[in-house]
Structures are given as C-alpha cells and as structure tokens.
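Shown next: query35.txt, containing compact mmCIF, C-alpha atoms.
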# COMPACT_ATOMS: atom_id res chain seq x y z
CA MET A 9 32.00 -49.21 53.22
CA THR A 10 29.11 -49.14 55.64
CA ARG A 11 25.44 -49.80 55.10
CA VAL A 12 22.49 -48.87 57.26
CA LEU A 13 20.61 -51.91 58.54
CA GLN A 14 16.87 -52.11 57.88
CA ASP A 15 16.11 -55.61 59.19
CA PHE A 16 16.35 -57.28 62.58
CA THR A 17 19.56 -59.19 63.12
CA THR A 18 21.28 -61.05 65.94
CA LYS A 19 24.67 -59.72 64.87
CA VAL A 20 25.18 -56.60 66.96
CA PRO A 21 25.72 -53.66 64.59
CA ILE A 22 27.76 -50.48 65.04
CA TRP A 23 25.75 -47.47 66.20
CA LYS A 24 26.45 -44.32 64.20
CA PRO A 25 25.20 -41.10 65.86
CA HIS A 26 23.24 -38.38 64.04
CA VAL A 27 24.18 -35.95 66.82
CA MET A 28 27.76 -34.96 67.65
CA PRO A 29 28.91 -36.80 70.81
CA VAL A 30 30.28 -34.70 73.68
CA ASP A 31 34.07 -34.30 73.40
CA LEU A 32 35.52 -35.65 76.66
CA ASP A 33 38.34 -33.11 76.57
CA HIS A 34 35.79 -30.29 76.67
CA ALA A 35 33.19 -31.92 78.94
CA THR A 36 31.81 -29.95 81.89
CA PRO A 37 32.25 -31.22 85.48
CA ALA A 38 28.54 -32.19 85.50
CA GLN A 39 29.00 -34.20 82.29
CA LEU A 40 32.11 -35.95 83.63
CA ASP A 41 30.22 -36.79 86.81
CA ALA A 42 27.24 -38.21 84.88
CA LEU A 43 29.61 -40.17 82.62
CA GLN A 44 31.49 -41.47 85.67
CA VAL A 45 34.75 -40.71 83.93
CA THR A 46 37.83 -41.66 85.92
CA PRO A 47 41.48 -41.70 84.81
CA SER A 48 41.20 -45.47 84.29
CA ASN A 49 37.80 -45.31 82.59
CA ARG A 50 37.82 -43.18 79.48
CA LYS A 51 36.29 -45.80 77.19
CA ILE A 52 32.78 -44.48 76.77
CA SER A 53 30.48 -45.34 73.88
CA ASP A 54 29.37 -42.73 71.36
CA TYR A 55 25.80 -43.36 72.49
CA VAL A 56 26.51 -42.39 76.09
CA LEU A 57 28.61 -39.43 74.91
CA VAL A 58 25.61 -38.20 72.91
CA LEU A 59 23.37 -38.55 75.96
CA ALA A 60 25.93 -36.54 77.98
CA HIS A 61 24.52 -33.41 76.30
CA ASP A 62 21.79 -33.84 78.94
CA ALA A 63 23.91 -34.65 82.00
CA GLU A 64 21.07 -34.24 84.50
CA THR A 65 18.99 -37.12 83.12
CA LEU A 66 22.03 -39.25 82.21
CA LYS A 67 23.18 -39.21 85.83
CA HIS A 68 20.05 -41.14 86.89
CA ARG A 69 19.52 -43.09 83.68
CA SER A 70 22.57 -45.34 84.01
CA PRO A 71 21.83 -46.69 87.53
CA LEU A 72 18.13 -46.94 86.65
CA PHE A 73 18.92 -49.01 83.56
CA ASN A 74 21.20 -51.35 85.50
CA GLY A 75 18.68 -51.69 88.32
CA ILE A 76 15.81 -52.65 86.05
CA MET A 77 17.79 -55.14 83.98
CA TYR A 78 20.09 -56.66 86.63
CA ASN A 79 18.54 -56.23 90.11
CA ARG A 80 18.34 -59.38 92.21
CA GLY A 81 15.08 -61.26 92.67
CA GLY A 82 11.90 -61.07 90.62
CA MET A 83 11.98 -62.00 86.95
CA SER A 84 14.98 -63.87 85.54
CA ARG A 85 17.50 -61.75 83.69
CA ALA A 86 16.82 -63.73 80.51
CA GLU A 87 13.08 -63.01 80.58
CA ARG A 88 13.69 -59.30 81.24
CA GLU A 89 15.62 -59.30 77.96
CA ILE A 90 12.43 -60.45 76.21
CA GLY A 91 10.69 -57.37 77.64
CA ALA A 92 13.44 -55.32 75.97
CA VAL A 93 13.14 -57.24 72.70
CA GLY A 94 9.33 -56.82 72.61
CA ALA A 95 9.60 -53.04 72.93
CA SER A 96 12.40 -52.93 70.35
CA LEU A 97 10.22 -54.83 67.84
CA VAL A 98 7.43 -52.27 68.17
CA ASN A 99 9.75 -49.29 67.95
CA ARG A 100 11.87 -51.01 65.31
CA CYS A 101 15.11 -50.32 67.14
CA ILE A 102 17.39 -52.71 65.23
CA TYR A 103 20.36 -52.00 67.49
CA CYS A 104 18.56 -52.58 70.82
CA ALA A 105 16.83 -55.67 69.44
CA ALA A 106 20.17 -57.19 68.39
CA VAL A 107 21.94 -56.49 71.70
CA HIS A 108 19.11 -57.79 73.86
CA ALA A 109 18.29 -60.77 71.64
CA GLU A 110 21.92 -61.82 71.96
CA ARG A 111 21.83 -61.41 75.75
CA TYR A 112 18.62 -63.42 75.97
CA ALA A 113 20.16 -66.25 73.95
CA GLN A 114 23.31 -66.25 76.11
CA LEU A 115 21.44 -66.20 79.41
CA SER A 116 18.72 -68.69 78.49
CA LYS A 117 20.73 -71.07 76.25
CA ASP A 118 17.61 -70.92 74.05
CA GLU A 119 18.95 -70.65 70.51
CA THR A 120 15.71 -71.00 68.54
CA SER A 121 13.18 -68.50 69.94
CA ILE A 122 14.85 -65.28 68.79
CA GLY A 123 14.89 -66.34 65.15
CA LYS A 124 11.17 -67.09 65.38
CA ILE A 125 10.47 -63.75 67.10
CA PHE A 126 12.38 -61.78 64.46
CA ALA A 127 10.52 -63.66 61.69
CA ASP A 128 6.98 -63.68 63.09
CA GLY A 129 6.83 -61.14 65.95
CA VAL A 130 4.04 -61.82 68.45
CA ASP A 131 2.74 -64.64 66.24
CA ALA A 132 5.96 -66.63 66.70
CA GLU A 133 5.41 -70.19 67.92
CA LEU A 134 7.06 -70.08 71.34
CA ALA A 135 6.69 -71.79 74.68
CA PRO A 136 3.46 -70.41 76.25
CA ARG A 137 5.25 -68.52 79.01
CA LEU A 138 7.70 -66.84 76.63
CA SER A 139 4.87 -66.02 74.23
CA ALA A 140 2.82 -64.41 77.02
CA ILE A 141 5.81 -62.31 78.10
CA LEU A 142 6.52 -61.16 74.54
CA GLN A 143 2.87 -60.38 73.86
CA PHE A 144 2.56 -58.28 77.01
CA ALA A 145 5.77 -56.33 76.24
CA VAL A 146 4.69 -55.66 72.66
CA LYS A 147 1.22 -54.45 73.65
CA LEU A 148 2.48 -52.26 76.50
CA SER A 149 4.88 -50.64 74.02
CA GLN A 150 2.19 -49.38 71.63
CA CYS A 151 1.24 -45.70 71.67
CA ARG A 152 -1.22 -45.70 73.40
CA PRO A 153 -0.31 -48.70 75.59
CA ALA A 154 -2.60 -51.57 74.57
CA ALA A 155 -1.87 -54.28 77.15
CA ASP A 156 -5.08 -55.23 78.96
CA GLY A 157 -6.45 -57.42 81.73
CA GLU A 158 -6.47 -60.47 79.45
CA ASP A 159 -2.77 -60.08 78.71
CA LEU A 160 -2.08 -59.83 82.44
CA ALA A 161 -4.26 -62.86 83.19
CA ARG A 162 -2.30 -64.82 80.59
CA LEU A 163 0.95 -63.99 82.42
CA LYS A 164 -0.56 -65.24 85.67
CA ASP A 165 -1.87 -68.39 84.01
CA CYS A 166 1.68 -69.07 82.85
CA GLY A 167 2.85 -68.91 86.45
CA LEU A 168 4.26 -65.39 86.69
CA GLY A 169 4.00 -63.80 90.13
CA ASP A 170 3.56 -60.09 90.86
CA GLU A 171 7.30 -59.51 91.36
CA GLU A 172 8.02 -60.98 87.94
CA ILE A 173 5.20 -59.05 86.29
CA LEU A 174 6.48 -55.81 87.82
CA ASP A 175 9.96 -56.49 86.42
CA LEU A 176 8.43 -57.15 83.00
CA VAL A 177 6.50 -53.86 83.12
CA LEU A 178 9.73 -52.10 84.04
CA SER A 179 11.94 -53.72 81.39
CA ALA A 180 9.44 -53.25 78.54
CA SER A 181 8.82 -49.63 79.61
CA LEU A 182 12.56 -48.96 79.95
CA PHE A 183 12.99 -49.89 76.31
CA GLY A 184 10.18 -47.54 75.37
CA TRP A 185 12.70 -45.00 76.66
CA ALA A 186 15.94 -46.51 75.32
CA ASN A 187 14.53 -47.21 71.82
CA ARG A 188 13.34 -43.61 71.53
CA LEU A 189 16.95 -42.47 72.03
CA MET A 190 18.92 -45.18 70.27
CA HIS A 191 16.71 -45.36 67.18
CA THR A 192 16.18 -41.61 66.74
CA LEU A 193 19.61 -40.17 67.65
CA GLY A 194 21.61 -42.54 65.45
CA GLU A 195 21.43 -45.58 63.20
CA PRO A 196 22.74 -49.15 63.11
CA VAL A 197 25.36 -49.84 60.47
CA ALA A 198 27.21 -52.96 59.38
CA GLU A 199 30.84 -52.69 58.32
CA MET B 6 2.65 -40.68 98.57
CA ASN B 7 4.18 -37.86 96.50
CA ASP B 8 5.85 -40.15 93.98
CA VAL B 9 4.31 -39.39 90.57
CA VAL B 10 4.22 -43.01 89.38
CA LEU B 11 2.62 -44.40 92.52
CA ARG B 12 0.10 -41.56 92.77
CA LEU B 13 -1.01 -41.81 89.13
CA SER B 14 -1.20 -45.61 89.34
CA GLY B 15 -3.75 -45.28 92.15
CA ILE B 16 -2.00 -47.83 94.34
CA ASP B 17 -3.15 -48.10 97.94
CA PRO B 18 -0.01 -47.78 100.15
CA GLN B 19 -1.43 -50.51 102.42
CA SER B 20 -1.99 -53.01 99.60
CA GLU B 21 -0.05 -56.19 98.81
CA LEU B 22 0.98 -54.62 95.51
CA ALA B 23 2.56 -51.70 97.39
CA LYS B 24 4.73 -54.23 99.24
CA VAL B 25 5.87 -55.75 95.94
CA ILE B 26 6.71 -52.28 94.62
CA ALA B 27 8.62 -51.47 97.82
CA LYS B 28 11.11 -54.20 96.92
CA ARG B 29 12.02 -52.11 93.89
CA ALA B 30 12.09 -48.82 95.83
CA ASP B 31 15.45 -47.86 94.27
CA ILE B 32 13.89 -48.00 90.78
CA PHE B 33 10.96 -45.81 91.76
CA GLU B 34 13.24 -43.26 93.47
CA LEU B 35 15.44 -43.02 90.37
CA THR B 36 12.35 -42.72 88.17
CA GLU B 37 11.15 -39.79 90.27
CA LYS B 38 14.58 -38.12 90.11
CA THR B 39 14.67 -38.52 86.34
CA HIS B 40 11.17 -37.05 86.10
CA ASP B 41 12.43 -33.94 87.89
CA ALA B 42 15.62 -33.84 85.79
CA ALA B 43 13.66 -34.08 82.53
CA LEU B 44 10.85 -31.66 83.47
CA ARG B 45 12.58 -29.19 85.80
CA PRO B 46 16.35 -29.37 85.25
CA SER B 47 18.60 -26.79 86.90
CA ASP B 48 20.13 -26.15 83.45
CA PRO B 49 17.16 -26.24 81.05
CA GLY B 50 19.21 -25.16 78.00
CA GLY B 51 16.93 -24.03 75.19
CA LEU B 52 13.85 -25.81 76.58
CA SER B 53 12.18 -23.87 79.40
CA HIS B 54 10.41 -25.69 82.22
CA ALA B 55 7.10 -24.49 80.79
CA MET B 56 7.97 -25.77 77.29
CA ARG B 57 8.97 -29.13 78.75
CA ALA B 58 5.68 -29.42 80.67
CA ALA B 59 3.74 -28.39 77.55
CA ILE B 60 5.48 -31.05 75.43
CA ALA B 61 4.84 -33.62 78.18
CA CYS B 62 1.12 -32.70 78.00
CA ARG B 63 1.18 -33.54 74.28
CA ILE B 64 2.82 -36.92 74.96
CA ALA B 65 0.19 -37.70 77.61
CA SER B 66 -2.54 -36.80 75.09
CA LEU B 67 -0.95 -38.94 72.36
CA ASN B 68 -1.00 -41.83 74.85
CA ASP B 69 -4.61 -41.00 75.76
CA ASP B 70 -3.66 -40.78 79.45
CA ALA B 71 -5.85 -38.22 81.23
CA ALA B 72 -4.12 -38.56 84.62
CA PHE B 73 -0.73 -37.74 83.11
CA ARG B 74 -2.31 -34.93 81.07
CA ASP B 75 -3.59 -33.39 84.30
CA HIS B 76 -0.27 -33.93 86.07
CA PHE B 77 1.78 -32.21 83.36
CA GLY B 78 -0.93 -29.57 82.94
CA ALA B 79 -0.49 -28.67 86.62
CA MET B 80 3.28 -28.50 86.12
CA LEU B 81 2.69 -26.19 83.13
CA ASP B 82 0.56 -23.86 85.27
CA GLN B 83 3.25 -23.76 87.96
CA ALA B 84 5.94 -22.87 85.40
CA ALA B 85 4.29 -19.54 84.49
CA PRO B 86 3.98 -20.29 80.75
CA ASP B 87 3.78 -17.59 78.11
CA GLU B 88 0.99 -17.66 75.53
CA THR B 89 2.89 -19.88 73.08
CA GLU B 90 4.04 -22.37 75.70
CA ARG B 91 0.46 -22.80 76.83
CA GLN B 92 -0.68 -23.37 73.24
CA VAL B 93 2.02 -26.01 72.68
CA SER B 94 0.26 -28.26 75.21
CA ASP B 95 -2.70 -28.54 72.81
CA LEU B 96 -2.34 -31.21 70.09
CA ASP B 97 -4.34 -29.05 67.66
CA PHE B 98 -1.98 -26.06 67.93
CA ARG B 99 -0.19 -25.12 64.68
CA ALA B 100 2.88 -23.04 65.48
CA SER B 101 3.94 -20.26 63.11
CA ASP B 102 7.42 -20.03 64.68
CA PRO B 103 9.64 -22.51 62.79
CA ARG B 104 11.61 -23.50 65.90
CA ILE B 105 8.50 -24.28 67.94
CA SER B 106 6.94 -26.05 64.99
CA ALA B 107 10.03 -28.26 64.59
CA LEU B 108 10.12 -29.08 68.32
CA ILE B 109 6.46 -30.11 68.29
CA ARG B 110 6.80 -32.15 65.12
CA HIS B 111 9.74 -34.09 66.48
CA ALA B 112 8.27 -34.63 69.95
CA ASP B 113 5.06 -36.04 68.45
CA LEU B 114 6.97 -38.29 66.05
CA VAL B 115 9.23 -39.75 68.75
CA ALA B 116 6.34 -40.22 71.18
CA ALA B 117 3.79 -41.75 68.80
CA ASN B 118 5.75 -43.35 65.98
CA PRO B 119 9.46 -43.62 66.83
CA ARG B 120 9.97 -46.43 64.31
CA ALA B 121 9.44 -43.90 61.51
CA ALA B 122 12.21 -41.56 62.72
CA SER B 123 15.46 -41.23 60.78
CA GLY B 124 18.50 -39.01 60.43
CA ARG B 125 16.44 -36.67 58.28
CA ASP B 126 14.32 -35.76 61.29
CA ILE B 127 17.39 -34.67 63.26
CA GLU B 128 18.43 -32.62 60.22
CA LEU B 129 15.04 -30.86 60.25
CA LEU B 130 15.63 -29.86 63.89
CA ARG B 131 19.06 -28.47 62.97
CA GLN B 132 17.60 -26.52 60.06
CA ALA B 133 15.14 -24.95 62.49
CA GLY B 134 18.08 -23.67 64.56
CA ILE B 135 17.93 -26.23 67.36
CA VAL B 136 21.41 -26.94 68.76
CA GLU B 137 22.77 -30.46 69.39
CA ALA B 138 22.34 -30.31 73.17
CA ASP B 139 18.69 -29.28 72.82
CA VAL B 140 18.08 -32.15 70.38
CA VAL B 141 19.23 -34.54 73.12
CA ARG B 142 17.28 -32.72 75.85
CA LEU B 143 14.08 -32.94 73.79
CA SER B 144 14.69 -36.61 73.00
CA GLU B 145 15.31 -37.48 76.66
CA LEU B 146 12.15 -35.68 77.71
CA VAL B 147 9.97 -37.50 75.19
CA ALA B 148 11.64 -40.85 75.81
CA PHE B 149 11.45 -40.59 79.59
CA VAL B 150 7.79 -39.53 79.66
CA SER B 151 6.97 -42.42 77.28
CA TYR B 152 8.64 -44.78 79.79
CA GLN B 153 6.87 -43.30 82.79
CA ILE B 154 3.44 -43.53 81.12
CA ARG B 155 4.04 -47.25 80.38
CA VAL B 156 5.19 -48.03 83.91
CA VAL B 157 1.97 -46.50 85.22
CA ALA B 158 -0.15 -48.30 82.58
CA GLY B 159 1.36 -51.61 83.71
CA LEU B 160 0.89 -50.85 87.41
CA ARG B 161 -2.76 -49.95 86.84
CA LEU B 162 -3.31 -53.34 85.19
CA MET B 163 -1.66 -55.03 88.17
CA ARG B 164 -3.81 -53.06 90.60
CA GLN B 165 -7.00 -53.91 88.72
CA SER B 166 -6.18 -57.62 88.65
CA ALA B 167 -5.16 -57.85 92.33
Have the structure of the file written as structure tokens, please.
Amino acid sequence: MTRVLQDFTTKVPIWKPHVMPVDLDHATPAQLDALQVTPSNRKISDYVLVLAHDAETLKHRSPLFNGIMYNRGGMSRAEREIGAVGASLVNRCIYCAAVHAERYAQLSKDETSIGKIFADGVDAELAPRLSAILQFAVKLSQCRPAADGEDLARLKDCGLGDEEILDLVLSASLFGWANRLMHTLGEPVAE
Amino acid sequence: MNDVVLRLSGIDPQSELAKVIAKRADIFELTEKTHDAALRPSDPGGLSHAMRAAIACRIASLNDDAAFRDHFGAMLDQAAPDETERQVSDLDFRASDPRISALIRHADLVAANPRAASGRDIELLRQAGIVEADVVRLSELVAFVSYQIRVVAGLRLMRQSA
C-alpha cells in the first residue's frame, strides 16, 4: 500500500514517476552516454531514467548539479542545502525538500532548524544568518523572482561575501530547475 | 562576452564581480551548454527550435523579464517560425490546435505555479497526443529557463549592490 505525500517531511520518500522511464536495454548511445552507464554502473534512479528521454540536456545537467552543490570554496555545503530547501518550499517539492533538509541536518549537525522551517517557512525563528539565507532563496524562487536589494543587504549584514552569495543564487536557482522536474514528472510516496 | 547569463546580467567584464564569477567558470559554461541543448538541440523531437524559443518567450514574460523576452524573441526570429509558432510567444494567444494548447497550458503551469502540478497534468499532455519523450523535453525547457532567469535576477542584484 502506498500513499502520496502532501506534507513536508524529513523522511525521504520514494519517487514514483508519471512518465515511463527509459528502458536501459533499449537506450540509445546518446542516452547511455548522458547516463554514464558502464558495465559496473547500471544502478540508475527512475528519476534520471525519466530525464534520459532528453539526453542532450541531461548530459550537462548532472555535472552542473554536482558543481553547484559540491564545488570547493564559496558557501558551505550545508548552507547551499538551505538554498535548495527554500526553493523546494516555494515550489512545494516534497521529495527535494526531504532530501536536502536531511543533507543540511547531516552536514550542519543542526537538528532543530529544519523542523521550524517546515512548520513556519520564512517566518521560522532561526539564527539571523540562516534566516537571511532562507528568505533570499524563497524570494528568488517566486515567479517573478521577488528578491530585492534589501534581501541582499541582509545577507551582507550577516557576513556573507560575494562568493557565498553567488553560490546561494546558484543553489536556489538550481532548485527552481530541479523542483520543476521532480515535482511535475512524478510524486513522492510513502510505503 | 557572448555568454547569455553574463550578457543579460549586465556585468562589466572588468568588475570585481566578474572576478568572483570567473571562479565558477565551469558552472557558467555548463549553463550556456544547457541553454543551447534546451533551445537548439540537434534532436529536437516533437518540439521545433522555433516552438522552444516561443515557449521560452512566454516563460520570460511570466517572469516579467524583458531582457530574456528580447533574447528568446531574437532566437525565435532566427528559427524561421511559422505563423502558429510566432503566436505561441504571446501570452494572450489562445490556440485552437489541441496539441499546441496543451503544450502552452503545461509550460505556463510549470513556469508560474509548479506547486499546483500533478499527475493529472501529465495525463492531459498524453491525451493531447504528446509522447513521453516530448513531455520530458518540454519540462526540461521550462525548468532550465526558470533556472537561468533566476541566476540572472540574482546576479543583477549583486551588480546593483556592488
């Protein structure tokens, strides 16, 4: 028995696609290349197999995703996860929010902020720096983007430098992309 | 500077901000490559280059971003659009063709209000005759352009506060 999740959770759900994933046994050379399939690596998620329908964008998407979230320097990996969580709140991507909330908690050892964010969104009572980061990510994620000079000034007042702010712009924007795939091409289910 | 993001952000190549961006050059190169893959792929499937540019124009309009609207409008002109493809770029256009109408409806939903999307919306695309691969191509186009517009919005704020 499965049920579709409607509320934010820190327990990472299963993602059930609405679109038929590419069948590896019938994948084109371009799809196999974009999937980076090797004889020892045939474990590929349904999500990535769905995206393999568009091999040309997938080929760049994977390194771009890893670069934005894990590149050296700039913003800490934990704080980049808050950029991802902020976007996922706006776009209500339950799956992305769960995965990146969990990563934030692991990386930061902060076990209380995520619960507050899921309960109260941008109004959550957080440390000022974390609150400024979340607020910026949430406002940049609106359609149209609503982050303004005051939001940026607040980041600077909290001690963020340009390299960190750039990484926040990139991680929040990246999840404007990821949420629009994950949340629309499938749904999160609990077993 | 031919890079779409840097050009539309209005960043002076000699500025301090340009030096910060240069440290993430790999990200900006991959963003540019994905832009080309989403807008002008070598295998466009059921979404022509002109249709992709026209849909991108809609997304720029929904985000109220005139610079992106002009950019994708120029790409639409270069792609030799037919009458319908040109009309798709206009938010007020009401398509009579069910396939075009379904594409537009879904693109607008995913761009402006993705939280409201559900499995039913994918089913509507299928009922309009849109194959699985084109569903993913459309979704990637809308999702990528939404990303690119936000990167530029953030960079403009950084430029203005420098």
Using CA of Val197 in chain A and CA of Val93 in chain A as the two end points, give the distance in Å to one decimal.
->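 Separation of CA of Val197 in chain A and CA of Val93 in chain A: 18.8 Å.
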Within 8 Å of chain B: residues of chain A, using only C-alpha atoms, as a VMD selection string | chain A and resid 26 to 28 58 to 59 61 to 62 64 to 65 68 to 69 71 to 72 75 to 76 98 to 101 148 to 149 151 to 153 155 to 157 160 to 161 170 to 171 174 177 to 178 181 to 189 191 to 195
Which value, in Å to one decimal, gives the distance between CA of Ala180 in chain A and CA of Val146 in chain A?
->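 Separation between CA of Ala180 in chain A and CA of Val146 in chain A: 7.9 Å.
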Interatomic distance, CA of Phe98 in chain B to CA of Val10 in chain B (Å, one decimal) = 28.0 Å
Report, as AutoDock Vina command-line options, the axis-aligned box around all atoms of range 101-109 of chain B present in the file, extended by 8 Å on each side; give centre and edge lengths in Å to one decimal place.
--center_x 7.8 --center_y -25.1 --center_z 65.6 --size_x 23.7 --size_y 26.1 --size_z 21.5
Which polymer residues have any atom within 8 Å of an atom of Ala107 in chain B, counting only C-alpha atoms, with same-chain residues fewer than 5 positions away left out, as a VMD selection string?
-> chain B and resid 129 to 130 133
Hey, can you spit out that residue selection with C-alpha atoms as a short mmCIF file (atom, residue, chain, number, x, y, z; two decimals), in the coordinates of the input?
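Written file, part-v8.cif:
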data_model
loop_
_atom_site.label_atom_id
_atom_site.label_comp_id
_atom_site.auth_asym_id
_atom_site.auth_seq_id
_atom_site.Cartn_x
_atom_site.Cartn_y
_atom_site.Cartn_z
CA LEU B 129 15.04 -30.86 60.25
CA LEU B 130 15.63 -29.86 63.89
CA ALA B 133 15.14 -24.95 62.49
#
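With distances restricted to all atoms listed in the file, B:Ala59 is the closest residue to Asp75 in chain B from B:Ala59, B:Asp113, B:Gln92, B:Asp87.
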Pick out the closest residue to Lys147 in chain A from this set: A:Gly169, A:Glu133, A:Cys104, A:Ala95. Count only C-alpha atoms.
-> A:Ala95
Choose the residue, out of A:Ile102, A:Ala42, A:Leu66, A:Thr120, that has the smallest atom-to-atom separation from Gln14 in chain A; count all atoms listed in the file.
-> A:Ile102
